[in-house]
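File shown: data-v4.cif. Contents: mmCIF, C-alpha atoms.
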```cif
data_query
loop_
_atom_site.label_atom_id
_atom_site.label_comp_id
_atom_site.auth_asym_id
_atom_site.auth_seq_id
_atom_site.Cartn_x
_atom_site.Cartn_y
_atom_site.Cartn_z
CA MET A 257 198.35 38.52 -78.85
CA ASP A 258 197.36 37.95 -82.50
CA ILE A 259 199.68 40.01 -84.66
CA LEU A 260 197.28 39.54 -87.56
CA ASN A 261 194.39 41.14 -85.69
CA VAL A 262 195.93 43.56 -83.27
CA THR A 263 193.06 46.05 -83.55
CA ARG A 264 190.74 43.37 -82.14
CA ASP A 265 193.17 42.75 -79.28
CA TYR A 266 193.43 46.50 -78.67
CA ALA A 267 189.64 46.92 -78.57
CA ASP A 268 189.28 43.97 -76.23
CA CYS A 269 191.97 45.16 -73.78
CA ARG A 270 191.12 48.86 -73.99
CA SER A 271 187.50 48.07 -73.07
CA SER A 272 188.47 45.48 -70.43
CA GLY A 273 186.62 42.83 -72.42
CA ALA A 274 183.45 44.83 -72.99
CA VAL A 275 183.89 45.03 -76.79
CA THR A 276 183.34 41.55 -78.19
CA GLU A 277 182.26 42.22 -81.76
CA PRO A 278 183.34 44.64 -84.49
CA THR A 279 180.95 47.39 -85.54
CA GLY A 280 180.37 47.87 -89.23
CA GLY A 281 183.09 45.34 -89.80
CA THR A 282 185.81 47.19 -87.86
CA TRP A 283 187.13 46.92 -84.35
CA ILE A 284 188.22 50.57 -84.45
CA ALA A 285 184.61 51.68 -84.89
CA ALA A 286 183.57 49.35 -82.07
CA ILE A 287 186.06 50.74 -79.53
CA ALA A 288 185.44 54.33 -80.67
CA GLN A 289 181.72 53.94 -80.07
CA TYR A 290 182.36 52.19 -76.77
CA LEU A 291 184.36 55.24 -75.66
CA GLY A 292 181.53 57.58 -76.66
CA ALA A 293 181.95 58.43 -80.34
CA THR A 294 178.66 58.60 -82.23
CA ALA A 295 179.95 59.10 -85.76
CA PRO A 296 183.18 59.04 -87.72
CA ILE A 297 185.07 62.32 -88.10
CA ASN A 298 186.02 63.26 -91.62
CA GLY A 299 184.83 59.80 -92.55
CA SER A 300 187.31 58.17 -90.13
CA TRP A 301 186.45 56.10 -87.07
CA LEU A 302 190.17 56.19 -86.19
CA GLN A 303 190.07 59.98 -85.93
CA ALA A 304 186.88 59.70 -83.88
CA LEU A 305 188.67 57.22 -81.55
CA CYS A 306 191.62 59.60 -81.20
CA VAL A 307 189.34 62.50 -80.31
CA GLN A 308 187.70 60.37 -77.61
CA GLU A 309 191.16 59.68 -76.22
CA GLY A 310 192.04 63.38 -76.24
CA VAL A 311 194.22 63.31 -79.35
CA THR A 312 193.39 66.27 -81.59
CA ALA A 313 196.04 66.20 -84.31
CA PRO A 314 197.93 63.58 -86.32
CA VAL A 315 201.68 63.10 -86.01
CA ASN A 316 203.62 63.01 -89.24
CA GLY A 317 200.22 62.82 -90.93
CA SER A 318 199.29 59.68 -88.99
CA TRP A 319 196.51 59.33 -86.43
CA VAL A 320 197.91 55.91 -85.47
CA ILE A 321 201.27 57.42 -84.48
CA ALA A 322 199.44 60.20 -82.65
CA LEU A 323 197.44 57.61 -80.68
CA ALA A 324 200.59 55.64 -79.91
CA ASN A 325 202.36 58.78 -78.70
CA HIS A 326 199.34 59.54 -76.50
CA TYR A 327 199.95 56.23 -74.73
CA GLY A 328 203.63 57.05 -74.33
CA ILE A 329 204.77 54.82 -77.19
CA THR A 330 207.59 56.32 -79.22
CA GLN A 331 208.40 53.58 -81.73
CA PRO A 332 206.65 50.69 -83.49
CA LEU A 333 206.90 47.11 -82.25
CA ASN A 334 207.53 44.24 -84.67
CA GLY A 335 207.36 46.87 -87.38
CA SER A 336 203.81 47.89 -86.46
CA TRP A 337 202.47 50.88 -84.55
CA TRP A 338 199.20 49.00 -83.97
CA TYR A 339 201.08 46.04 -82.53
CA ALA A 340 202.85 48.42 -80.13
CA ILE A 341 199.50 50.00 -79.13
CA ALA A 342 197.84 46.63 -78.54
CA ASP A 343 200.84 45.35 -76.61
CA ASP A 344 200.76 48.45 -74.41
CA GLN A 345 197.06 48.05 -73.61
CA CYS A 346 197.14 44.29 -73.14
CA ASN A 347 200.51 43.72 -71.52
CA GLY A 348 201.25 46.93 -69.71
CA ALA A 349 203.38 49.88 -70.60
CA PRO A 350 206.45 49.22 -72.71
CA PRO A 351 209.90 49.56 -71.13
CA THR A 352 210.95 53.12 -70.44
CA PRO A 353 212.74 54.40 -73.52
CA PRO A 354 216.38 55.28 -73.13
CA PRO A 355 217.10 58.86 -72.08
CA PHE A 356 217.67 61.62 -74.57
CA ILE A 357 221.26 62.08 -75.69
CA TRP A 358 221.95 65.65 -76.66
CA GLU A 359 222.52 66.12 -80.43
CA PHE A 360 222.36 62.35 -80.93
CA ASP A 361 218.87 61.17 -80.07
CA THR A 362 216.77 61.42 -83.24
CA ARG A 363 213.77 59.27 -82.40
CA ASN A 364 210.61 60.88 -83.80
CA TRP A 365 212.54 63.93 -84.96
CA GLU A 366 210.31 67.00 -84.71
CA ALA A 367 207.44 64.77 -83.57
CA GLU A 368 208.64 63.77 -80.11
CA THR A 369 205.88 64.45 -77.58
CA ARG A 370 208.01 64.02 -74.50
CA GLU A 371 209.67 67.00 -72.89
CA TRP A 372 213.04 67.43 -71.32
CA ALA A 373 212.71 67.00 -67.57
CA PRO A 374 213.65 70.16 -65.66
CA ALA A 375 217.01 70.07 -63.93
CA PRO A 376 216.80 69.42 -60.19
CA THR A 377 216.81 72.64 -58.21
CA ILE A 378 218.67 73.27 -54.99
CA ASP A 379 218.69 76.29 -52.74
CA PRO A 380 221.60 78.59 -53.71
CA ASP A 381 222.81 78.85 -50.10
CA ALA A 382 222.83 75.07 -49.81
CA GLN A 383 224.66 74.84 -53.12
CA ALA A 384 227.28 77.37 -51.98
CA PHE A 385 228.05 75.17 -48.96
CA LEU A 386 228.19 71.99 -51.06
CA THR A 387 230.50 73.67 -53.55
CA ALA A 388 232.81 74.96 -50.83
CA THR A 389 233.05 71.57 -49.12
CA GLY A 390 233.28 69.60 -52.36
CA ILE A 391 230.45 67.32 -51.21
CA THR A 392 228.64 65.52 -54.05
CA ASP A 393 226.89 62.76 -52.11
CA ALA A 394 223.20 62.88 -53.09
CA THR A 395 221.90 62.08 -49.60
CA ILE A 396 223.95 64.85 -48.01
CA GLU A 397 222.87 67.25 -50.75
CA THR A 398 219.22 66.49 -49.94
CA ALA A 399 219.79 66.83 -46.20
CA ILE A 400 221.54 70.19 -46.51
CA ASP A 401 219.02 71.52 -49.01
CA ASP A 402 216.16 70.51 -46.71
CA LEU A 403 217.90 72.10 -43.72
CA VAL A 404 218.39 75.43 -45.48
CA THR A 405 214.88 75.54 -46.93
CA ASP A 406 213.35 74.53 -43.59
CA LEU A 407 215.23 77.27 -41.74
CA LYS A 408 214.09 79.79 -44.33
CA THR A 409 210.51 78.55 -44.17
CA TYR A 410 210.57 78.90 -40.38
CA GLY A 411 211.96 82.42 -40.71
CA ILE A 412 215.13 81.74 -38.71
CA TRP A 413 217.78 81.49 -41.45
CA THR A 414 218.49 85.22 -41.18
CA LYS A 415 218.96 84.89 -37.42
CA MET A 416 221.80 82.43 -37.81
CA HIS A 417 225.44 83.49 -37.62
CA VAL A 418 226.97 80.03 -37.39
CA ILE A 419 225.64 76.63 -38.51
CA TYR A 420 227.90 73.59 -38.44
CA PRO A 421 225.98 70.56 -39.81
CA PHE A 422 229.15 68.43 -39.53
CA VAL A 423 228.60 66.51 -42.76
CA GLY A 424 231.02 64.92 -45.20
CA GLY A 425 233.02 62.93 -42.67
CA THR A 426 236.31 64.90 -42.72
CA ALA A 427 237.93 67.73 -40.81
CA THR A 428 237.85 69.74 -44.02
CA THR A 429 234.11 69.43 -44.62
CA HIS A 430 233.26 69.72 -40.93
CA LYS A 431 234.94 73.10 -40.51
CA TYR A 432 232.64 75.00 -42.87
CA ASN A 433 229.90 77.32 -41.63
CA LEU A 434 226.76 76.63 -43.66
CA LYS A 435 225.61 80.22 -43.23
CA ASN A 436 228.83 81.63 -44.74
CA PRO A 437 230.91 78.82 -46.28
CA GLN A 438 234.21 80.62 -46.73
CA ASP A 439 237.51 79.25 -45.47
CA THR A 440 238.23 82.25 -43.23
CA ASP A 441 238.05 83.06 -39.54
CA ALA A 442 235.82 86.03 -40.35
CA ALA A 443 233.29 83.60 -41.89
CA TYR A 444 233.36 81.55 -38.65
CA ARG A 445 234.90 78.43 -40.08
CA MET A 446 235.80 76.12 -37.20
CA THR A 447 239.46 75.56 -36.40
CA PHE A 448 239.95 72.10 -34.91
CA ALA A 449 242.84 71.40 -32.54
CA GLY A 450 243.84 68.13 -30.92
CA GLY A 451 242.77 64.57 -31.58
CA TRP A 452 239.26 64.91 -32.98
CA THR A 453 237.59 61.94 -34.67
CA HIS A 454 235.78 62.94 -37.87
CA SER A 455 233.21 60.61 -39.43
CA ALA A 456 229.83 60.57 -41.14
CA ALA A 457 228.33 60.64 -37.64
CA GLY A 458 229.86 64.06 -36.93
CA VAL A 459 232.79 65.12 -34.72
CA LYS A 460 234.01 63.34 -31.58
CA ALA A 461 236.28 64.98 -29.00
CA ASN A 462 238.80 62.96 -27.00
CA GLY A 463 238.54 64.80 -23.66
CA VAL A 464 242.28 65.34 -23.56
CA ASP A 465 243.48 67.94 -26.04
CA THR A 466 240.54 68.67 -28.33
CA ASN A 467 238.91 72.02 -28.91
CA GLY A 468 237.18 73.74 -31.79
CA ASP A 469 237.41 77.50 -32.26
CA THR A 470 234.28 79.02 -33.83
CA HIS A 471 235.90 82.49 -34.11
CA TRP A 472 232.52 83.92 -33.04
CA VAL A 473 233.11 86.62 -30.42
CA PRO A 474 230.15 88.11 -28.50
CA THR A 475 231.54 91.65 -28.72
CA THR A 476 231.53 91.45 -32.53
CA ALA A 477 227.88 90.34 -32.65
CA ASN A 478 224.89 92.66 -32.42
CA LEU A 479 223.71 91.48 -29.03
CA ALA A 480 220.90 94.02 -29.07
CA LEU A 481 219.19 91.30 -31.15
CA GLY A 482 219.80 88.74 -28.42
CA ASN A 483 221.68 85.48 -28.82
CA HIS A 484 221.34 81.74 -28.87
CA ILE A 485 223.64 78.72 -28.76
CA SER A 486 222.65 75.17 -29.67
CA PHE A 487 224.29 71.80 -30.18
CA ASN A 488 223.17 68.23 -30.70
CA MET A 489 225.17 65.69 -28.72
CA ASN A 490 224.99 62.30 -30.40
CA VAL A 491 227.69 60.58 -28.30
CA ALA A 492 227.38 61.08 -24.55
CA LYS A 493 230.44 62.41 -22.78
CA THR A 494 231.88 60.34 -19.96
CA THR A 495 233.61 63.29 -18.30
CA ASN A 496 232.11 65.41 -15.55
CA PHE A 497 232.65 69.14 -14.93
CA THR A 498 233.49 69.86 -18.57
CA TYR A 499 232.09 72.49 -20.92
CA ASP A 500 230.53 71.57 -24.22
CA THR A 501 230.93 75.08 -25.58
CA GLY A 502 231.85 78.45 -24.15
CA SER A 503 234.37 81.16 -23.34
CA TYR A 504 235.46 83.07 -20.25
CA ASP A 505 237.55 86.23 -20.46
CA GLY A 506 237.81 86.87 -16.72
CA THR A 507 234.56 88.86 -16.62
CA ALA A 508 231.98 87.56 -19.05
CA ASP A 509 231.21 83.84 -18.90
CA TRP A 510 229.51 82.41 -22.00
CA GLY A 511 228.64 78.81 -22.52
CA MET A 512 226.34 75.83 -22.50
CA ILE A 513 226.77 72.46 -20.89
CA ALA A 514 224.76 69.25 -21.20
CA GLY A 515 225.28 67.22 -18.05
CA PHE A 516 227.90 69.13 -16.07
CA ALA A 517 227.90 66.50 -13.32
CA ALA A 518 226.71 62.92 -13.12
CA GLY A 519 223.16 64.09 -12.46
CA ALA A 520 222.92 65.46 -16.04
CA LEU A 521 222.36 69.02 -14.84
CA HIS A 522 222.31 71.37 -17.85
CA TYR A 523 223.66 74.93 -17.87
CA TYR A 524 223.33 78.03 -20.03
CA GLN A 525 225.01 81.38 -19.55
CA ALA A 526 225.18 84.53 -21.68
CA GLY A 527 227.94 86.55 -20.10
CA THR A 528 226.68 87.38 -16.64
CA GLY A 529 223.83 87.00 -14.17
CA GLY A 530 224.57 83.48 -13.02
CA TRP A 531 224.11 80.21 -14.83
CA LEU A 532 220.60 79.12 -15.78
CA THR A 533 220.32 75.46 -14.78
CA ALA A 534 217.87 72.56 -15.03
CA THR A 535 217.86 68.78 -15.27
CA PRO A 536 215.85 67.53 -18.27
CA THR A 537 213.52 64.57 -18.25
CA PRO A 538 214.86 62.06 -19.03
CA ALA A 539 218.10 63.12 -17.33
CA VAL A 540 220.44 62.38 -20.23
CA ARG A 541 223.30 64.30 -21.76
CA THR A 542 222.63 63.37 -25.36
CA GLY A 543 220.14 65.23 -27.52
CA PHE A 544 219.57 68.82 -28.59
CA THR A 545 220.54 71.36 -25.94
CA SER A 546 220.00 75.05 -26.61
CA GLY A 547 219.86 78.35 -24.77
CA THR A 548 218.75 81.82 -25.75
CA ALA A 549 218.69 85.32 -24.27
CA GLU A 550 216.47 88.12 -25.43
CA ASP A 551 217.74 91.62 -26.28
CA HIS A 552 219.29 94.27 -23.99
CA LEU A 553 223.00 94.55 -23.34
CA VAL A 554 222.32 96.49 -20.18
CA GLY A 555 219.39 95.70 -17.95
CA PRO A 556 217.11 92.68 -17.64
CA SER A 557 217.03 90.02 -20.33
CA SER A 558 214.74 87.02 -20.59
CA ARG A 559 216.72 83.80 -20.84
CA ALA A 560 215.63 80.24 -21.52
CA LEU A 561 217.28 76.83 -21.51
CA TYR A 562 215.85 74.15 -23.82
CA LYS A 563 216.12 70.40 -24.31
CA ASP A 564 214.97 68.92 -27.62
CA GLY A 565 213.12 72.12 -28.47
CA THR A 566 211.22 72.37 -25.17
CA SER A 567 211.97 74.96 -22.47
CA ILE A 568 213.20 73.48 -19.17
CA ALA A 569 214.20 76.70 -17.36
CA THR A 570 213.80 80.48 -17.64
CA SER A 571 215.08 83.54 -15.80
CA VAL A 572 215.54 87.30 -16.16
CA THR A 573 219.03 88.75 -15.78
CA GLY A 574 221.67 90.79 -17.57
CA VAL A 575 223.79 89.89 -20.57
CA ALA A 576 227.45 90.84 -20.92
CA ALA A 577 229.45 90.86 -24.14
CA GLY A 578 232.47 88.58 -23.82
CA THR A 579 235.70 89.32 -25.66
CA LEU A 580 236.81 85.75 -26.47
CA SER A 581 235.52 83.42 -29.17
CA LEU A 582 233.36 80.43 -28.26
CA TYR A 583 234.98 77.00 -28.42
CA LEU A 584 233.74 73.48 -28.49
CA ALA A 585 235.15 72.92 -24.98
CA GLU A 586 235.94 76.17 -23.12
CA ASN A 587 238.07 79.09 -24.21
CA HIS A 588 239.25 80.00 -20.72
CA ARG A 589 241.20 83.26 -20.79
CA ALA A 590 242.45 82.33 -24.29
CA THR A 591 243.49 78.83 -23.17
CA PRO A 592 241.49 75.66 -23.96
CA GLN A 593 240.07 74.16 -20.78
CA SER A 594 237.34 71.83 -19.46
CA LYS A 595 237.65 69.58 -22.50
CA THR A 596 234.67 67.35 -23.25
CA ASP A 597 234.88 63.89 -24.84
CA ALA A 598 231.39 64.04 -26.36
CA GLY A 599 230.33 63.67 -29.99
CA TYR A 600 228.33 66.32 -31.86
CA ASN A 601 226.53 66.45 -35.20
CA PHE A 602 225.04 69.96 -35.16
CA TYR A 603 225.97 73.33 -33.67
CA THR A 604 224.61 76.85 -34.12
CA ILE A 605 225.13 80.38 -32.81
CA GLY A 606 222.96 83.35 -33.65
CA GLU A 607 220.30 85.78 -32.54
CA TYR A 608 217.54 85.29 -29.97
CA LEU A 609 214.99 82.60 -30.84
CA THR A 610 211.40 82.52 -29.61
CA PRO A 611 209.99 79.29 -28.14
CA THR A 612 208.37 78.48 -31.49
CA GLU A 613 211.58 79.19 -33.38
CA MET A 614 213.60 77.05 -30.99
CA SER A 615 211.17 74.19 -31.52
CA ASN A 616 211.40 74.68 -35.27
CA LEU A 617 215.21 74.69 -35.14
CA TYR A 618 215.04 71.33 -33.37
CA THR A 619 212.67 70.01 -36.04
CA ALA A 620 214.89 71.20 -38.90
CA MET A 621 217.96 69.66 -37.30
CA SER A 622 216.13 66.38 -36.67
CA THR A 623 214.92 66.21 -40.26
CA MET A 624 218.47 66.65 -41.52
CA ASN A 625 219.86 63.95 -39.24
CA THR A 626 217.02 61.56 -40.08
CA THR A 627 217.85 61.94 -43.79
CA LEU A 628 221.48 61.21 -42.96
CA SER A 629 220.47 58.17 -40.84
CA ARG A 630 222.27 59.48 -37.79
#
```
Take the structure from the file and write it as structure tokens.
Amino acid sequence: MDILNVTRDYADCRSSGAVTEPTGGTWIAAIAQYLGATAPINGSWLQALCVQEGVTAPVNGSWVIALANHYGITQPLNGSWWYAIADDQCNGAPPTPPPFIWEFDTRNWEAETREWAPAPTIDPDAQAFLTATGITDATIETAIDDLVTDLKTYGIWTKMHVIYPFVGGTATTHKYNLKNPQDTDAAYRMTFAGGWTHSAAGVKANGVDTNGDTHWVPTTANLALGNHISFNMNVAKTTNFTYDTGSYDGTADWGMIAGFAAGALHYYQAGTGGWLTATPTPAVRTGFTSGTAEDHLVGPSSRALYKDGTSIATSVTGVAAGTLSLYLAENHRATPQSKTDAGYNFYTIGEYLTPTEMSNLYTAMSTMNTTLSR
């Protein structure tokens, strides 16, 4: 680029080689007319050029600086604004200027055309969970924010009582209920017992002494709105005849099981009426297993068992309100029993979900886990 004739270089590059001669002795007039100007403005072809480029006012009294700013140029190059403009048009955009530094950055004082970028926004419920857990990892923040906003978009956030996304990799972060992230039993924080393995992949039981108390008791929930339970098993259990989650108080039997026996038979039960069972295709234990029962504490209730968001069994029976909290494993008459050795990376309890809502819950969970690469 010829520093002595940068306006010629600018006209050549701005027109992609179409302007080959000056007009009236100036390259500015030539490029202005090429862009559609028919006459100078206020006797100035430069002002006419600026108007063609959408620039309507000078900066610091200078149309050259205004044109440079229009192209995103904030400072001269080699002491020349025209050199900077020609370099931008001929050699690509200049390097991104350094970020603003509050009360220190004085480039183009009172003439800076750039604006402060808005601060990133995050859903307040997602932020409450991140604050409670102390998680600052950007990927997890995105995954949790997407999960919350997806559940709200699908209209099922309000139906949730318990959501364990099992993120952060520690027993401390894994215990928090996304729906109500307080460190209390009343907020349904999970209490882990036994030799759990906590990692970025989620939680892994050992099949010997592990259980997780959700503190969610059917009798304390408004079961007139129905119920659902869901979990995503990401590490298949090797044990047979073990619960994944549930409670039994001697009368009401609550729970859900993915692969009770070697044949991968799945079970769901909401208090009474016999277990709803089915074997999914493919017959595997891993994946998203969920069950839901419609309203009515007394009388018939529509129940459904799902695998990966798709119904695999339905029935109509009663629902009974159990008096013991649901565990990961089984809370059998207030004693941990039927301990699984599976791994989990998502778990929810809440109100009844329609087939569409159950499918959407699966989608929201999958989106979160895809973001987390798990």
One number please: CA of Thr507 (chain A) to CA of Leu582 (chain A), in Å, one decimal.
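Interatomic distance, CA of Thr507 (chain A) to CA of Leu582 (chain A): 14.4 Å.
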Please write the residues picked by the PyMOL selection byres ((chain A and resi 420-435) around 9) on this file as JSON, numbers by chain.
{"A": [381, 382, 384, 385, 386, 388, 389, 390, 391, 393, 396, 400, 404, 413, 414, 416, 417, 418, 419, 436, 437, 438, 439, 443, 444, 445, 446, 447, 448, 452, 453, 454, 455, 456, 457, 458, 459, 470, 600, 601, 602, 603, 604, 621, 624, 628]}
By how many Å are CA of Tyr524 (chain A) and CA of Thr627 (chain A) apart?
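Going from CA of Tyr524 (chain A) over to CA of Thr627 (chain A), I get 29.2 Å.
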Running the PyMOL selection byres ((chain A and resi 303) around 12) on this model by hand, what would come out? Give it as a VMD selection string.
chain A and resid 284 to 285 287 to 289 293 295 to 302 304 to 314 317 to 323
Export of prior selection with C-alpha atoms as a short mmCIF file (atom, residue, chain, number, x, y, z; two decimals), in the coordinates of the input:
```
data_model
loop_
_atom_site.label_atom_id
_atom_site.label_comp_id
_atom_site.auth_asym_id
_atom_site.auth_seq_id
_atom_site.Cartn_x
_atom_site.Cartn_y
_atom_site.Cartn_z
CA ILE A 284 188.22 50.57 -84.45
CA ALA A 285 184.61 51.68 -84.89
CA ILE A 287 186.06 50.74 -79.53
CA ALA A 288 185.44 54.33 -80.67
CA GLN A 289 181.72 53.94 -80.07
CA ALA A 293 181.95 58.43 -80.34
CA ALA A 295 179.95 59.10 -85.76
CA PRO A 296 183.18 59.04 -87.72
CA ILE A 297 185.07 62.32 -88.10
CA ASN A 298 186.02 63.26 -91.62
CA GLY A 299 184.83 59.80 -92.55
CA SER A 300 187.31 58.17 -90.13
CA TRP A 301 186.45 56.10 -87.07
CA LEU A 302 190.17 56.19 -86.19
CA ALA A 304 186.88 59.70 -83.88
CA LEU A 305 188.67 57.22 -81.55
CA CYS A 306 191.62 59.60 -81.20
CA VAL A 307 189.34 62.50 -80.31
CA GLN A 308 187.70 60.37 -77.61
CA GLU A 309 191.16 59.68 -76.22
CA GLY A 310 192.04 63.38 -76.24
CA VAL A 311 194.22 63.31 -79.35
CA THR A 312 193.39 66.27 -81.59
CA ALA A 313 196.04 66.20 -84.31
CA PRO A 314 197.93 63.58 -86.32
CA GLY A 317 200.22 62.82 -90.93
CA SER A 318 199.29 59.68 -88.99
CA TRP A 319 196.51 59.33 -86.43
CA VAL A 320 197.91 55.91 -85.47
CA ILE A 321 201.27 57.42 -84.48
CA ALA A 322 199.44 60.20 -82.65
CA LEU A 323 197.44 57.61 -80.68
#
```
Given the choices A:His471, A:Lys563, A:Lys460, A:His484, which gets closest to Glu607 (chain A) if the distance is worked out from all atoms listed in the file?
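Result for the nearest residue to Glu607 (chain A): A:His484.
Rounded to one decimal, CA of Val464 (chain A) and CA of Asn587 (chain A) lie 14.4 Å from each other.
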Which residues fall under the PyMOL selection byres ((chain A and resi 491) around 7) in this file, as a list of chain:residue names?
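That expression, the PyMOL selection byres ((chain A and resi 491) around 7), corresponds here to A:Met489, A:Asn490, A:Ala492, A:Lys493, A:Thr542, A:Ala598, A:Gly599, A:Tyr600.
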Contact residues around Asp379 (chain A) with all atoms listed in the file at 9 Å, ignoring same-chain residues under 6 positions, as a count of residues only:
4
For Lys595 (chain A), please output as a count of residues only all residues within 9 Å (counting all atoms listed in the file; exclusion window: fewer than 3 positions along the same chain).
15
For Gln331 (chain A), the nearest of the candidates A:Leu403, A:Thr535, A:Gly281, A:Asp344, counting all atoms listed in the file:
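So, comparing all the options, the nearest one is A:Asp344.
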Between A:Met614, A:Val473, A:Val540, A:Ala549, which has the minimum distance to Thr579 (chain A) (counting only C-alpha atoms)?
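Of all the options, A:Val473 lies closest to Thr579 (chain A).
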